[in-house]
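A.B. asks: Okay, here's the structure, questions in a sec.
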Amino acid sequence: MKLKSFIFLAATSLVLFSCGVYNFTGGNPGTATTFQVNYFQNYASQSPGSIFEPGMDRDFTLALQDRILNQSSLDIISNGGDLVYEGEIVEYRISPMTATAQQTAAQNRLSIAVKVRFTNNTIEDGSKDFDQRFSFFFDYPANSQLSSVKTEAHDIIFERITQDIFNASLADW
């Protein structure tokens, strides 16, 4: 019985400690050890058809910080980060998606778009930097008010957008 326990512990230790080089999230920060996420201003109302959603700027900024903290070994700092994320919310739009036989909306779509500027200060030539727009949507029944699905919609949209930003900046497949 002791031999089986020893083999099990040895195999478990080998598996756990051999994964030190591989990161299951796919994040590859290179030589970076810190990151900063500057406050994402909400400029959605400047886009035709978009509306302003109070508090979304803070919520998105925190969601992006949490994504990077949870999926990388980087430390967050407020200034001078090796990796810098900044940008603005450029769209917050509700639009009808499907119609009923009575020509009324059967489903609405909430779309959110964010413009992100990413700078990797550990690479001199700027080859990993980008200035890119990320967006996603959430469909909900037209007979529902946005306020009743807003929390779920924001969670789903933020999860997708922040994952896309993480992948674009740190996933080296």
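Just remember, in the structure tokens the first chain shown is A, the second B, etc., residues are 1-based per chain, and ligands are 1-based in the order shown.
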Using backbone DSSP assignments, extract all strand (DSSP E) residues from segment 42-166 of chain A; output them as a PyMOL selection string.

C.D. replies: chain A and resi 42+75-76+83-99+105-120+130-141

A.B. asks: Can those selected residues be exported to a file as a PDB file, in the first residue's frame so that it contains C-alpha atoms?

C.D. replies:
```pdb
ATOM      1  CA  ASN A  42     -17.475  56.342 -21.891  1.00  0.00           C
ATOM      2  CA  ASP A  75       0.996  42.480 -11.090  1.00  0.00           C
ATOM      3  CA  ILE A  76      -1.273  45.495 -11.514  1.00  0.00           C
ATOM      4  CA  LEU A  83       1.911  46.500 -20.466  1.00  0.00           C
ATOM      5  CA  VAL A  84      -0.535  49.393 -20.803  1.00  0.00           C
ATOM      6  CA  TYR A  85      -4.205  49.105 -21.726  1.00  0.00           C
ATOM      7  CA  GLU A  86      -6.156  52.266 -22.466  1.00  0.00           C
ATOM      8  CA  GLY A  87      -9.092  53.291 -24.553  1.00  0.00           C
ATOM      9  CA  GLU A  88     -12.723  54.240 -24.508  1.00  0.00           C
ATOM     10  CA  ILE A  89     -16.205  52.788 -24.790  1.00  0.00           C
ATOM     11  CA  VAL A  90     -17.373  53.867 -28.243  1.00  0.00           C
ATOM     12  CA  GLU A  91     -20.753  52.179 -28.628  1.00  0.00           C
ATOM     13  CA  TYR A  92     -23.710  51.211 -26.450  1.00  0.00           C
ATOM     14  CA  ARG A  93     -26.613  50.518 -28.761  1.00  0.00           C
ATOM     15  CA  ILE A  94     -29.983  48.799 -28.513  1.00  0.00           C
ATOM     16  CA  SER A  95     -31.480  47.714 -31.809  1.00  0.00           C
ATOM     17  CA  PRO A  96     -34.385  45.471 -32.871  1.00  0.00           C
ATOM     18  CA  MET A  97     -33.199  42.167 -34.346  1.00  0.00           C
ATOM     19  CA  THR A  98     -36.174  40.039 -35.381  1.00  0.00           C
ATOM     20  CA  ALA A  99     -39.750  40.977 -36.176  1.00  0.00           C
ATOM     21  CA  ALA A 105     -39.688  43.604 -32.546  1.00  0.00           C
ATOM     22  CA  ALA A 106     -39.510  40.079 -31.173  1.00  0.00           C
ATOM     23  CA  GLN A 107     -35.936  40.435 -29.997  1.00  0.00           C
ATOM     24  CA  ASN A 108     -33.601  43.307 -29.173  1.00  0.00           C
ATOM     25  CA  ARG A 109     -29.823  43.360 -29.266  1.00  0.00           C
ATOM     26  CA  LEU A 110     -27.554  45.280 -26.901  1.00  0.00           C
ATOM     27  CA  SER A 111     -24.206  45.923 -28.588  1.00  0.00           C
ATOM     28  CA  ILE A 112     -21.150  47.320 -26.831  1.00  0.00           C
ATOM     29  CA  ALA A 113     -17.912  48.311 -28.557  1.00  0.00           C
ATOM     30  CA  VAL A 114     -14.629  49.349 -26.988  1.00  0.00           C
ATOM     31  CA  LYS A 115     -11.585  50.877 -28.663  1.00  0.00           C
ATOM     32  CA  VAL A 116      -8.361  49.650 -27.053  1.00  0.00           C
ATOM     33  CA  ARG A 117      -4.807  50.872 -27.375  1.00  0.00           C
ATOM     34  CA  PHE A 118      -2.326  48.319 -26.091  1.00  0.00           C
ATOM     35  CA  THR A 119       1.341  49.131 -25.559  1.00  0.00           C
ATOM     36  CA  ASN A 120       3.981  46.579 -24.638  1.00  0.00           C
ATOM     37  CA  PHE A 130      -2.185  47.570 -31.318  1.00  0.00           C
ATOM     38  CA  ASP A 131      -5.056  50.024 -31.627  1.00  0.00           C
ATOM     39  CA  GLN A 132      -8.170  47.937 -32.153  1.00  0.00           C
ATOM     40  CA  ARG A 133     -11.934  47.900 -31.723  1.00  0.00           C
ATOM     41  CA  PHE A 134     -13.561  45.015 -29.827  1.00  0.00           C
ATOM     42  CA  SER A 135     -17.302  44.420 -29.659  1.00  0.00           C
ATOM     43  CA  PHE A 136     -19.909  41.898 -28.666  1.00  0.00           C
ATOM     44  CA  PHE A 137     -23.678  41.739 -28.185  1.00  0.00           C
ATOM     45  CA  PHE A 138     -26.473  40.265 -26.090  1.00  0.00           C
ATOM     46  CA  ASP A 139     -29.909  39.401 -27.498  1.00  0.00           C
ATOM     47  CA  TYR A 140     -32.977  39.561 -25.279  1.00  0.00           C
ATOM     48  CA  PRO A 141     -36.760  39.376 -25.752  1.00  0.00           C
TER      49      PRO A 141
END
```

A.B. asks: Determine, counting only C-alpha atoms, which protein, DNA and RNA residues have an atom within 12 Å of an atom of segment 33-39 of chain A; residues of the same chain fewer than 4 positions away are not included. Present the result as a PyMOL selection string.

C.D. replies: chain A and resi 28-29+55-69+72-89+116-122+162+165-166+169-170

A.B. asks: Under the rule that only C-alpha atoms are counted, which of A:Asp164, A:Glu152, A:Asp129, A:Gln41 is the nearest residue to Glu53 of chain A?

C.D. replies: A:Gln41

A.B. asks: If DSSP is run on the backbone, what residues of segment 5-166 of chain A are helix (DSSP H, G or I)? A reply as number ranges by chain would be ideal.

C.D. replies: A: 5-18, 44-46, 56-71, 146-166
